[in-house]
>>> print(open('my_file-v1.pdb').read())   # PDB, C-alpha atoms
ATOM      1  CA  MET A   1     -10.098  10.681  23.379
ATOM      2  CA  ASP A   2      -8.622  13.879  21.958
ATOM      3  CA  SER A   3      -5.775  11.924  20.394
ATOM      4  CA  ASP A   4      -8.275   9.525  18.767
ATOM      5  CA  LEU A   5     -10.220  12.436  17.258
ATOM      6  CA  SER A   6      -7.009  14.031  16.027
ATOM      7  CA  SER A   7      -5.918  10.735  14.443
ATOM      8  CA  GLU A   8      -9.329  10.327  12.804
ATOM      9  CA  LYS A   9      -9.214  13.822  11.291
ATOM     10  CA  GLU A  10      -5.659  13.255  10.077
ATOM     11  CA  GLN A  11      -6.653   9.980   8.375
ATOM     12  CA  ILE A  12      -9.658  11.571   6.678
ATOM     13  CA  GLY A  13      -7.442  14.374   5.377
ATOM     14  CA  GLY A  14      -4.869  11.815   4.240
ATOM     15  CA  HIS A  15      -7.480   9.916   2.228
ATOM     16  CA  TRP A  16      -8.436  13.077   0.356
ATOM     17  CA  PHE A  17      -4.805  13.971  -0.373
ATOM     18  CA  VAL A  18      -4.235  10.533  -1.924
ATOM     19  CA  LEU A  19      -7.468  10.764  -3.933
ATOM     20  CA  LEU A  20      -6.511  14.201  -5.278
ATOM     21  CA  ALA A  21      -3.082  12.879  -6.245
ATOM     22  CA  ALA A  22      -4.629   9.944  -8.112
ATOM     23  CA  MET A  23      -6.985  12.285  -9.964
ATOM     24  CA  LEU A  24      -4.019  14.365 -11.119
ATOM     25  CA  TRP A  25      -2.213  11.187 -12.252
ATOM     26  CA  GLY A  26      -5.328  10.398 -14.273
ATOM     27  CA  THR A  27      -4.623  13.405 -16.513
ATOM     28  CA  THR A  28      -1.372  11.849 -17.768
ATOM     29  CA  GLY A  29      -2.890   9.948 -20.679
ATOM     30  CA  THR A  30      -4.955  12.923 -21.833
ATOM     31  CA  ALA A  31      -1.902  15.176 -21.706
ATOM     32  CA  GLN A  32       0.127  12.721 -23.798
ATOM     33  CA  ALA A  33      -2.668  12.732 -26.398
ATOM     34  CA  PHE A  34      -1.708  16.369 -27.080
ATOM     35  CA  ALA A  35       2.003  15.604 -27.506
ATOM     36  CA  PRO A  36       3.455  16.246 -30.975
ATOM     37  CA  ALA A  37       4.112  13.437 -33.424
ATOM     38  CA  GLY A  38       7.245  11.444 -32.731
ATOM     39  CA  PHE A  39       7.184  11.850 -28.938
ATOM     40  CA  ASP A  40       8.981   9.221 -26.877
ATOM     41  CA  SER A  41       7.232   7.923 -23.732
ATOM     42  CA  THR A  42      10.565   6.947 -22.142
ATOM     43  CA  VAL A  43      11.890  10.486 -22.567
ATOM     44  CA  ILE A  44       8.646  11.848 -21.132
ATOM     45  CA  GLY A  45       8.982   9.605 -18.084
ATOM     46  CA  ILE A  46      12.567  10.648 -17.409
ATOM     47  CA  LEU A  47      11.917  14.379 -17.864
ATOM     48  CA  ARG A  48       8.801  14.106 -15.718
ATOM     49  CA  LEU A  49      10.859  12.769 -12.821
ATOM     50  CA  ALA A  50      13.648  15.306 -13.334
ATOM     51  CA  LEU A  51      11.342  18.339 -13.524
ATOM     52  CA  GLY A  52       9.088  17.232 -10.676
ATOM     53  CA  GLY A  53      12.048  16.428  -8.452
ATOM     54  CA  SER A  54      13.754  19.745  -9.216
ATOM     55  CA  VAL A  55      10.626  21.747  -8.342
ATOM     56  CA  LEU A  56      10.167  19.945  -5.034
ATOM     57  CA  LEU A  57      13.874  20.301  -4.227
ATOM     58  CA  ALA A  58      13.586  24.066  -4.790
ATOM     59  CA  LEU A  59      10.497  24.114  -2.561
ATOM     60  CA  ALA A  60      12.290  22.227   0.205
ATOM     61  CA  LEU A  61      15.345  24.488   0.034
ATOM     62  CA  GLY A  62      13.117  27.575  -0.078
ATOM     63  CA  ARG A  63      11.560  26.463   3.205
ATOM     64  CA  GLY A  64      14.982  26.317   4.782
ATOM     65  CA  GLN A  65      15.262  22.526   4.735
ATOM     66  CA  VAL A  66      18.839  21.366   4.445
ATOM     67  CA  ILE A  67      18.998  18.094   2.530
ATOM     68  CA  ARG A  68      22.140  16.220   3.491
ATOM     69  CA  LEU A  69      22.129  12.858   1.747
ATOM     70  CA  GLY A  70      24.460  11.475   4.405
ATOM     71  CA  GLN A  71      21.564  11.651   6.881
ATOM     72  CA  TRP A  72      19.272   9.530   4.706
ATOM     73  CA  PRO A  73      19.051   5.731   5.095
ATOM     74  CA  LEU A  74      21.088   4.577   2.101
ATOM     75  CA  TRP A  75      19.323   1.379   1.096
ATOM     76  CA  THR A  76      15.785   2.622   1.664
ATOM     77  CA  THR A  77      16.451   5.761  -0.385
ATOM     78  CA  LEU A  78      18.140   3.868  -3.211
ATOM     79  CA  CYS A  79      15.364   1.271  -3.243
ATOM     80  CA  ALA A  80      12.684   3.973  -3.478
ATOM     81  CA  ALA A  81      14.534   5.623  -6.388
ATOM     82  CA  ALA A  82      15.148   2.311  -8.172
ATOM     83  CA  LEU A  83      11.501   1.278  -7.750
ATOM     84  CA  THR A  84      10.377   4.624  -9.162
ATOM     85  CA  ALA A  85      12.568   4.056 -12.213
ATOM     86  CA  SER A  86      11.435   0.427 -12.426
ATOM     87  CA  TYR A  87       7.766   1.404 -12.537
ATOM     88  CA  GLN A  88       8.370   3.819 -15.435
ATOM     89  CA  LEU A  89      10.146   1.152 -17.478
ATOM     90  CA  CYS A  90       7.995  -1.870 -16.614
ATOM     91  CA  PHE A  91       4.615  -0.252 -17.175
ATOM     92  CA  PHE A  92       5.305   1.253 -20.601
ATOM     93  CA  ALA A  93       7.211  -1.828 -21.784
ATOM     94  CA  GLY A  94       4.496  -4.165 -20.472
ATOM     95  CA  VAL A  95       1.746  -2.263 -22.256
ATOM     96  CA  ALA A  96       3.791  -2.284 -25.468
ATOM     97  CA  LYS A  97       4.309  -6.063 -25.231
ATOM     98  CA  THR A  98       0.873  -7.316 -24.229
ATOM     99  CA  GLY A  99      -1.452  -4.454 -25.136
ATOM    100  CA  VAL A 100      -3.131  -1.652 -23.227
ATOM    101  CA  ALA A 101      -6.021  -3.751 -21.887
ATOM    102  CA  VAL A 102      -4.101  -6.688 -20.406
ATOM    103  CA  GLY A 103      -1.093  -4.581 -19.394
ATOM    104  CA  THR A 104      -3.223  -2.055 -17.531
ATOM    105  CA  ILE A 105      -5.343  -4.721 -15.812
ATOM    106  CA  VAL A 106      -2.304  -6.652 -14.566
ATOM    107  CA  GLY A 107      -0.323  -3.525 -13.606
ATOM    108  CA  ILE A 108      -3.103  -1.639 -11.855
ATOM    109  CA  GLY A 109      -4.864  -4.714 -10.481
ATOM    110  CA  SER A 110      -1.782  -6.227  -8.869
ATOM    111  CA  ALA A 111      -0.713  -3.028  -7.066
ATOM    112  CA  PRO A 112      -3.430  -2.937  -4.341
ATOM    113  CA  VAL A 113      -3.013  -6.647  -3.609
ATOM    114  CA  ALA A 114       0.759  -6.256  -3.366
ATOM    115  CA  GLY A 115       0.326  -3.116  -1.238
ATOM    116  CA  GLY A 116      -1.845  -5.012   1.239
ATOM    117  CA  ILE A 117       0.645  -7.874   1.480
ATOM    118  CA  PHE A 118       3.686  -5.592   1.807
ATOM    119  CA  GLY A 119       1.997  -3.387   4.400
ATOM    120  CA  TYR A 120       1.113  -6.435   6.497
ATOM    121  CA  LEU A 121       4.506  -8.146   6.197
ATOM    122  CA  PHE A 122       6.775  -5.141   6.726
ATOM    123  CA  ARG A 123       4.692  -2.712   8.799
ATOM    124  CA  GLY A 124       2.161  -4.916  10.587
ATOM    125  CA  GLU A 125      -0.769  -3.082   8.958
ATOM    126  CA  ARG A 126      -3.983  -5.103   8.854
ATOM    127  CA  PRO A 127      -6.196  -3.731   6.066
ATOM    128  CA  GLY A 128      -9.439  -5.312   7.293
ATOM    129  CA  ARG A 129     -12.653  -6.443   5.585
ATOM    130  CA  ARG A 130     -13.622  -2.963   4.389
ATOM    131  CA  TRP A 131     -10.359  -2.713   2.444
ATOM    132  CA  LEU A 132     -10.865  -6.186   0.952
ATOM    133  CA  LEU A 133     -14.371  -5.302  -0.256
ATOM    134  CA  ALA A 134     -13.350  -1.883  -1.584
ATOM    135  CA  THR A 135     -10.285  -3.304  -3.344
ATOM    136  CA  ALA A 136     -12.247  -6.140  -4.969
ATOM    137  CA  LEU A 137     -14.878  -3.712  -6.282
ATOM    138  CA  ALA A 138     -12.287  -1.200  -7.511
ATOM    139  CA  ILE A 139     -10.194  -3.842  -9.305
ATOM    140  CA  ALA A 140     -13.340  -5.283 -10.931
ATOM    141  CA  GLY A 141     -14.200  -1.768 -12.067
ATOM    142  CA  CYS A 142     -10.715  -1.326 -13.553
ATOM    143  CA  VAL A 143     -11.050  -4.606 -15.449
ATOM    144  CA  LEU A 144     -14.413  -3.603 -16.947
ATOM    145  CA  LEU A 145     -13.274  -0.066 -17.734
ATOM    146  CA  THR A 146     -10.094  -1.258 -19.444
ATOM    147  CA  VAL A 147     -11.605  -4.170 -21.387
ATOM    148  CA  SER A 148     -14.464  -2.006 -22.640
ATOM    149  CA  GLY A 149     -11.977   0.264 -24.393
ATOM    150  CA  GLY A 150     -10.169  -2.544 -26.179
ATOM    151  CA  SER A 151     -10.583  -3.633 -29.769
ATOM    152  CA  GLY A 152     -11.838  -7.059 -28.792
ATOM    153  CA  HIS A 153      -8.514  -8.758 -29.531
ATOM    154  CA  VAL A 154      -6.686  -9.735 -26.369
ATOM    155  CA  GLN A 155      -2.963 -10.285 -26.744
ATOM    156  CA  VAL A 156      -1.358 -12.249 -23.908
ATOM    157  CA  ASP A 157       2.423 -12.104 -24.014
ATOM    158  CA  PRO A 158       4.241 -13.854 -21.106
ATOM    159  CA  LEU A 159       7.028 -11.256 -21.011
ATOM    160  CA  GLY A 160       4.471  -8.438 -21.200
ATOM    161  CA  ILE A 161       2.505  -9.956 -18.306
ATOM    162  CA  ALA A 162       5.712 -10.233 -16.264
ATOM    163  CA  LEU A 163       6.592  -6.595 -16.990
ATOM    164  CA  ALA A 164       3.098  -5.356 -16.088
ATOM    165  CA  LEU A 165       3.212  -7.383 -12.883
ATOM    166  CA  GLY A 166       6.614  -5.833 -12.194
ATOM    167  CA  ALA A 167       5.037  -2.379 -12.572
ATOM    168  CA  GLY A 168       2.342  -3.164 -10.010
ATOM    169  CA  LEU A 169       4.847  -4.631  -7.568
ATOM    170  CA  SER A 170       7.195  -1.668  -8.106
ATOM    171  CA  TYR A 171       4.451   0.827  -7.312
ATOM    172  CA  ALA A 172       3.377  -1.001  -4.154
ATOM    173  CA  ALA A 173       6.978  -1.452  -2.960
ATOM    174  CA  TYR A 174       7.776   2.199  -3.775
ATOM    175  CA  THR A 175       4.834   3.267  -1.604
ATOM    176  CA  LEU A 176       6.144   1.123   1.239
ATOM    177  CA  ALA A 177       9.654   2.577   0.892
ATOM    178  CA  ILE A 178       8.631   6.237   0.958
ATOM    179  CA  LYS A 179       6.237   5.509   3.843
ATOM    180  CA  GLY A 180       9.340   4.757   5.911
ATOM    181  CA  LEU A 181      11.188   7.849   4.672
ATOM    182  CA  LEU A 182       8.214  10.072   5.532
ATOM    183  CA  GLU A 183       8.627   9.149   9.186
ATOM    184  CA  ARG A 184      11.930  11.072   9.178
ATOM    185  CA  PHE A 185      11.715  13.675   6.395
ATOM    186  CA  SER A 186       9.184  16.089   4.882
ATOM    187  CA  PRO A 187       7.034  15.063   1.865
ATOM    188  CA  ASP A 188       8.653  17.542  -0.535
ATOM    189  CA  ALA A 189      12.168  16.491   0.496
ATOM    190  CA  VAL A 190      11.360  12.771   0.162
ATOM    191  CA  ILE A 191       9.812  13.024  -3.298
ATOM    192  CA  ALA A 192      12.524  15.430  -4.502
ATOM    193  CA  VAL A 193      15.356  13.094  -3.525
ATOM    194  CA  VAL A 194      13.632   9.939  -4.798
ATOM    195  CA  PHE A 195      12.607  11.504  -8.114
ATOM    196  CA  LEU A 196      16.000  13.029  -8.865
ATOM    197  CA  LEU A 197      17.834   9.808  -8.045
ATOM    198  CA  GLY A 198      15.321   7.898 -10.192
ATOM    199  CA  ALA A 199      15.928  10.309 -13.084
ATOM    200  CA  VAL A 200      19.693   9.828 -12.720
ATOM    201  CA  LEU A 201      19.248   6.047 -12.901
ATOM    202  CA  LEU A 202      17.195   6.378 -16.103
ATOM    203  CA  ALA A 203      19.329   9.098 -17.714
ATOM    204  CA  PRO A 204      21.505   6.668 -19.767
ATOM    205  CA  LEU A 205      18.347   5.677 -21.688
ATOM    206  CA  LEU A 206      18.277   9.148 -23.259
ATOM    207  CA  TRP A 207      21.344   8.277 -25.326
ATOM    208  CA  GLY A 208      20.556   8.163 -29.033
ATOM    209  CA  ARG A 209      16.874   9.074 -28.719
ATOM    210  CA  ASP A 210      15.198  11.711 -30.885
ATOM    211  CA  LEU A 211      14.557  14.820 -28.770
ATOM    212  CA  GLY A 212      13.538  17.111 -31.621
ATOM    213  CA  TRP A 213       9.843  17.019 -30.675
ATOM    214  CA  LEU A 214      10.709  18.783 -27.397
ATOM    215  CA  ALA A 215      11.394  22.010 -29.326
ATOM    216  CA  GLN A 216       7.732  22.251 -30.335
ATOM    217  CA  PRO A 217       5.358  24.315 -28.123
ATOM    218  CA  ARG A 218       3.049  21.360 -27.556
ATOM    219  CA  GLY A 219       5.990  19.233 -26.496
ATOM    220  CA  VAL A 220       7.051  21.842 -23.943
ATOM    221  CA  GLY A 221       3.469  22.157 -22.689
ATOM    222  CA  VAL A 222       3.084  18.410 -22.192
ATOM    223  CA  ILE A 223       6.373  18.132 -20.287
ATOM    224  CA  LEU A 224       5.478  21.098 -18.068
ATOM    225  CA  HIS A 225       2.072  19.631 -17.241
ATOM    226  CA  LEU A 226       3.442  16.175 -16.529
ATOM    227  CA  GLY A 227       6.390  17.477 -14.512
ATOM    228  CA  LEU A 228       4.658  20.201 -12.511
ATOM    229  CA  VAL A 229       1.131  18.807 -12.101
ATOM    230  CA  THR A 230       1.268  15.010 -12.365
ATOM    231  CA  ALA A 231       4.692  14.683 -10.717
ATOM    232  CA  ALA A 232       5.567  17.573  -8.373
ATOM    233  CA  LEU A 233       2.054  18.463  -7.133
ATOM    234  CA  ALA A 234       0.502  14.998  -7.343
ATOM    235  CA  TYR A 235       3.308  13.176  -5.569
ATOM    236  CA  TRP A 236       3.589  15.904  -2.932
ATOM    237  CA  LEU A 237      -0.122  15.358  -2.180
ATOM    238  CA  PHE A 238       0.363  11.581  -2.227
ATOM    239  CA  ALA A 239       3.326  11.711   0.149
ATOM    240  CA  ARG A 240       1.493  14.038   2.517
ATOM    241  CA  GLY A 241      -1.526  11.740   2.561
ATOM    242  CA  LEU A 242       0.616   8.627   2.960
ATOM    243  CA  LYS A 243       1.941   9.956   6.273
ATOM    244  CA  SER A 244      -1.416   9.113   7.911
ATOM    245  CA  VAL A 245      -2.838   6.432   5.604
ATOM    246  CA  PRO A 246      -1.828   2.731   5.596
ATOM    247  CA  VAL A 247       0.063   1.469   2.550
ATOM    248  CA  ALA A 248      -2.737  -0.858   1.397
ATOM    249  CA  THR A 249      -5.369   1.873   1.634
ATOM    250  CA  ALA A 250      -3.210   4.414  -0.229
ATOM    251  CA  VAL A 251      -2.556   2.029  -3.124
ATOM    252  CA  THR A 252      -6.260   1.157  -3.449
ATOM    253  CA  LEU A 253      -7.276   4.832  -3.358
ATOM    254  CA  SER A 254      -4.832   5.374  -6.228
ATOM    255  CA  LEU A 255      -7.277   3.462  -8.421
ATOM    256  CA  ALA A 256      -9.028   6.810  -8.828
ATOM    257  CA  GLU A 257      -6.393   7.330 -11.538
ATOM    258  CA  PRO A 258      -8.015   5.096 -14.222
ATOM    259  CA  LEU A 259     -11.423   6.441 -13.222
ATOM    260  CA  THR A 260     -10.260  10.000 -13.887
ATOM    261  CA  ALA A 261      -8.550   8.955 -17.117
ATOM    262  CA  GLY A 262     -11.752   7.343 -18.369
ATOM    263  CA  LEU A 263     -13.886  10.380 -17.597
ATOM    264  CA  LEU A 264     -11.378  12.745 -19.211
ATOM    265  CA  GLY A 265     -11.334  10.560 -22.297
ATOM    266  CA  VAL A 266     -15.059  11.216 -22.660
ATOM    267  CA  MET A 267     -15.100  14.909 -21.767
ATOM    268  CA  VAL A 268     -11.863  16.036 -23.462
ATOM    269  CA  LEU A 269     -10.988  13.498 -26.152
ATOM    270  CA  GLY A 270     -14.544  12.745 -27.274
ATOM    271  CA  GLU A 271     -14.415   9.029 -26.464
ATOM    272  CA  ARG A 272     -17.677   7.159 -25.893
ATOM    273  CA  LEU A 273     -18.691   5.068 -22.906
ATOM    274  CA  ASN A 274     -20.584   1.830 -23.436
ATOM    275  CA  ALA A 275     -22.586  -0.119 -20.863
ATOM    276  CA  ILE A 276     -19.509  -2.061 -19.705
ATOM    277  CA  SER A 277     -17.567   1.181 -19.183
ATOM    278  CA  LEU A 278     -20.407   2.644 -17.121
ATOM    279  CA  CYS A 279     -20.511  -0.485 -14.945
ATOM    280  CA  GLY A 280     -16.746  -0.261 -14.451
ATOM    281  CA  ILE A 281     -16.941   3.393 -13.411
ATOM    282  CA  GLY A 282     -19.787   2.555 -11.031
ATOM    283  CA  LEU A 283     -17.838  -0.237  -9.343
ATOM    284  CA  LEU A 284     -14.761   1.971  -9.036
ATOM    285  CA  LEU A 285     -16.771   4.765  -7.455
ATOM    286  CA  VAL A 286     -18.457   2.428  -4.982
ATOM    287  CA  GLY A 287     -15.132   0.895  -3.966
ATOM    288  CA  LEU A 288     -13.467   4.269  -3.448
ATOM    289  CA  VAL A 289     -16.438   5.644  -1.491
ATOM    290  CA  ILE A 290     -16.456   2.595   0.794
ATOM    291  CA  LEU A 291     -12.756   3.037   1.481
ATOM    292  CA  ALA A 292     -12.958   6.807   1.979
ATOM    293  CA  GLN A 293     -15.946   6.487   4.310
ATOM    294  CA  GLY A 294     -13.991   3.978   6.380
ATOM    295  CA  ALA A 295     -11.678   6.787   7.430
ATOM    296  CA  ARG A 296     -14.544   8.435   9.318
ATOM    297  CA  ARG A 297     -14.496   5.635  11.853
ATOM    298  CA  VAL A 298     -12.035   6.014  14.705
ATOM    299  CA  PRO A 299      -9.215   3.619  13.743
ATOM    300  CA  ARG A 300      -8.690   0.524  15.801
ATOM    301  CA  THR A 301      -5.210   0.119  17.248
ATOM    302  CA  VAL A 302      -2.878  -2.765  17.739
ATOM    303  CA  ARG A 303      -0.621  -3.190  20.718
ATOM    304  CA  SER A 304       1.993  -0.933  19.262
ATOM    305  CA  GLY A 305      -0.564   1.871  19.140
ATOM    306  CA  GLN A 306      -0.506   2.206  15.337
ATOM    307  CA  PRO A 307      -3.772   2.552  13.378
ATOM    308  CA  VAL A 308      -4.749  -0.513  11.378
ATOM    309  CA  GLY A 309      -7.965   0.542   9.610
TER     310      GLY A 309
END
>>> encode(input="my_file-v1.pdb", output="structure tokens")
Amino acid sequence: MDSDLSSEKEQIGGHWFVLLAAMLWGTTGTAQAFAPAGFDSTVIGILRLALGGSVLLALALGRGQVIRLGQWPLWTTLCAAALTASYQLCFFAGVAKTGVAVGTIVGIGSAPVAGGIFGYLFRGERPGRRWLLATALAIAGCVLLTVSGGSGHVQVDPLGIALALGAGLSYAAYTLAIKGLLERFSPDAVIAVVFLLGAVLLAPLLWGRDLGWLAQPRGVGVILHLGLVTAALAYWLFARGLKSVPVATAVTLSLAEPLTAGLLGVMVLGERLNAISLCGIGLLLVGLVILAQGARRVPRTVRSGQPVG
């Protein structure tokens, strides 16, 4: 009984860590709106990984953790790093090819579905009916929220759709990979190693790009916010929450990111919400509340003794 209560409290805490991480990710778009003219989103993505990984590496070393790469499972670690890099490239390229509306819907909408499938196939996690309902509502909310901000012209590019789908699959698979690493290493060590390796993989893309905008104060401020807040802090929270939350649930809770982005667009950037946007926000909120409230129930267990809620 005591172990069940402890597991329940740990899952509830894990849900809130993931939600907080997603809310911090939701500030990314607003922060980029303050970047100076001529900024490069690819450069931002690479520097975000490098800065966030460096901060978490310093934190891990400061706590006396000795990170010996020889002790890490080679393929799992490399896959996590490659998937991190893949998400950065696929998402931005997909949005550029097929537009913000369609690219965001396909990228964000496919991630929870893929997370549920991957969690079931590779970890035996059974999301359950509550997850299905919450995910359906949250994805519907994302669709409404994204479409409502479009210009009315929908551009469907096959390559763009494939890239956006690749972003969603990369995010779900990345979550699965670090879930395994978290069973052996601390959250700050896992994210530090994965981020820095991901930055190394993307580093060749910096060749020939204009970096002059980084010398401007606003450019420095944007990089610091994205690296310290939306990378180091957010992913540390996400990794800590993922230790006690199933993969499918964590990916669905991450849909708080577009919700936060939409609200910040109104409060900070002066954007307006129409009736469709309000319906989308409502559906997102309902889906996230249903999923978060599900953590208050004592999780059912399978024969292996692992929670499946």
>>> resolve_selection(input="my_file-v1.pdb", expression="the PyMOL selection byres ((chain A and resi 180-187) around 7)", output="MDAnalysis selection string")
chainID A and resid 176:179 188:191 236 239:240 243
>>> atom_distance(input="my_file-v1.pdb", atom1="atom CA of A:Val43", atom2="atom CA of A:Leu224")
13.2 Å
>>> resolve_selection(input="my_file-v1.pdb", expression="the PyMOL selection byres ((chain A and resi 115-118) around 10)", output="ChimeraX atom specification")
/A:110-114,119-128,131-132,135,168-176,246-252
>>> atom_distance(input="my_file-v1.pdb", atom1="atom CA of A:Phe17", atom2="atom CA of A:Leu69")
27.0 Å
>>> resolve_selection(input="my_file-v1.pdb", expression="the PyMOL selection byres ((chain A and resi 161) around 7)", output="count of residues only")
12
>>> closest_residue(input="my_file-v1.pdb", among="A:Ala199, A:Leu237, A:Leu283, A:Ile290", to="A:Leu24", atoms="all atoms listed in the file")
A:Leu237
>>> residues_around(input="my_file-v1.pdb", residues="stretch 261-270 of chain A", least_positions_apart="5", cutoff="7 Å", atoms="all atoms listed in the file", output="ChimeraX atom specification")
/A:26-27,29-30
>>> decode(input="my_file-v1.pdb", residues="stretch 158-237 of chain A", atoms="C-alpha atoms", output="compact mmCIF listing (two decimals), in the first residue's frame")
# COMPACT_ATOMS: atom_id res chain seq x y z
CA PRO A 158 4.45 16.21 -50.04
CA LEU A 159 8.08 16.71 -48.99
CA GLY A 160 7.01 19.22 -46.33
CA ILE A 161 4.44 16.76 -44.97
CA ALA A 162 7.10 14.03 -44.85
CA LEU A 163 9.51 16.34 -43.00
CA ALA A 164 6.86 17.42 -40.48
CA LEU A 165 5.92 13.78 -39.92
CA GLY A 166 9.62 13.06 -39.42
CA ALA A 167 9.72 15.76 -36.73
CA GLY A 168 6.83 14.18 -34.83
CA LEU A 169 8.33 10.71 -35.09
CA SER A 170 11.75 12.04 -34.06
CA TYR A 171 10.33 13.67 -30.94
CA ALA A 172 8.41 10.55 -29.90
CA ALA A 173 11.40 8.26 -30.57
CA TYR A 174 13.74 10.67 -28.74
CA THR A 175 11.45 10.50 -25.70
CA LEU A 176 11.56 6.71 -25.82
CA ALA A 177 15.36 6.70 -26.09
CA ILE A 178 16.03 9.00 -23.14
CA LYS A 179 13.41 7.11 -21.09
CA GLY A 180 15.78 4.14 -21.26
CA LEU A 181 18.84 6.24 -20.42
CA LEU A 182 17.09 7.73 -17.39
CA GLU A 183 16.88 4.27 -15.85
CA ARG A 184 20.69 4.32 -15.51
CA PHE A 185 21.76 7.98 -15.36
CA SER A 186 20.61 11.28 -13.83
CA PRO A 187 18.38 13.70 -15.81
CA ASP A 188 21.03 16.43 -16.08
CA ALA A 189 23.68 13.96 -17.25
CA VAL A 190 21.36 12.40 -19.85
CA ILE A 191 20.25 15.69 -21.39
CA ALA A 192 23.79 17.11 -21.28
CA VAL A 193 25.27 14.18 -23.19
CA VAL A 194 22.42 13.94 -25.70
CA PHE A 195 22.34 17.69 -26.39
CA LEU A 196 26.09 18.06 -26.82
CA LEU A 197 26.30 15.07 -29.15
CA GLY A 198 23.32 16.44 -31.09
CA ALA A 199 25.05 19.82 -31.41
CA VAL A 200 28.21 18.11 -32.67
CA LEU A 201 26.18 16.28 -35.33
CA LEU A 202 24.64 19.57 -36.50
CA ALA A 203 27.82 21.66 -36.25
CA PRO A 204 28.82 21.22 -39.94
CA LEU A 205 25.64 23.13 -40.90
CA LEU A 206 27.17 26.29 -39.41
CA TRP A 207 29.65 26.45 -42.28
CA GLY A 208 29.07 29.49 -44.48
CA ARG A 209 26.14 30.90 -42.50
CA ASP A 210 25.89 34.55 -41.49
CA LEU A 211 26.55 34.85 -37.75
CA GLY A 212 26.77 38.64 -37.62
CA TRP A 213 23.36 39.01 -35.95
CA LEU A 214 24.75 37.19 -32.88
CA ALA A 215 26.86 40.26 -32.03
CA GLN A 216 23.72 42.31 -31.37
CA PRO A 217 22.37 42.49 -27.78
CA ARG A 218 18.98 41.13 -28.80
CA GLY A 219 20.65 38.21 -30.54
CA VAL A 220 22.61 37.36 -27.40
CA GLY A 221 19.46 37.68 -25.28
CA VAL A 222 17.47 35.34 -27.50
CA ILE A 223 20.21 32.69 -27.50
CA LEU A 224 20.58 32.91 -23.71
CA HIS A 225 16.84 32.51 -23.18
CA LEU A 226 16.54 29.62 -25.60
CA GLY A 227 19.66 27.87 -24.30
CA LEU A 228 19.18 28.38 -20.57
CA VAL A 229 15.38 28.39 -20.21
CA THR A 230 13.87 26.43 -23.11
CA ALA A 231 16.73 23.92 -23.35
CA ALA A 232 18.65 23.45 -20.08
CA LEU A 233 15.82 24.08 -17.59
CA ALA A 234 12.93 22.79 -19.70
CA TYR A 235 14.57 19.54 -20.73
CA TRP A 236 15.88 18.94 -17.21
CA LEU A 237 12.27 19.21 -15.97
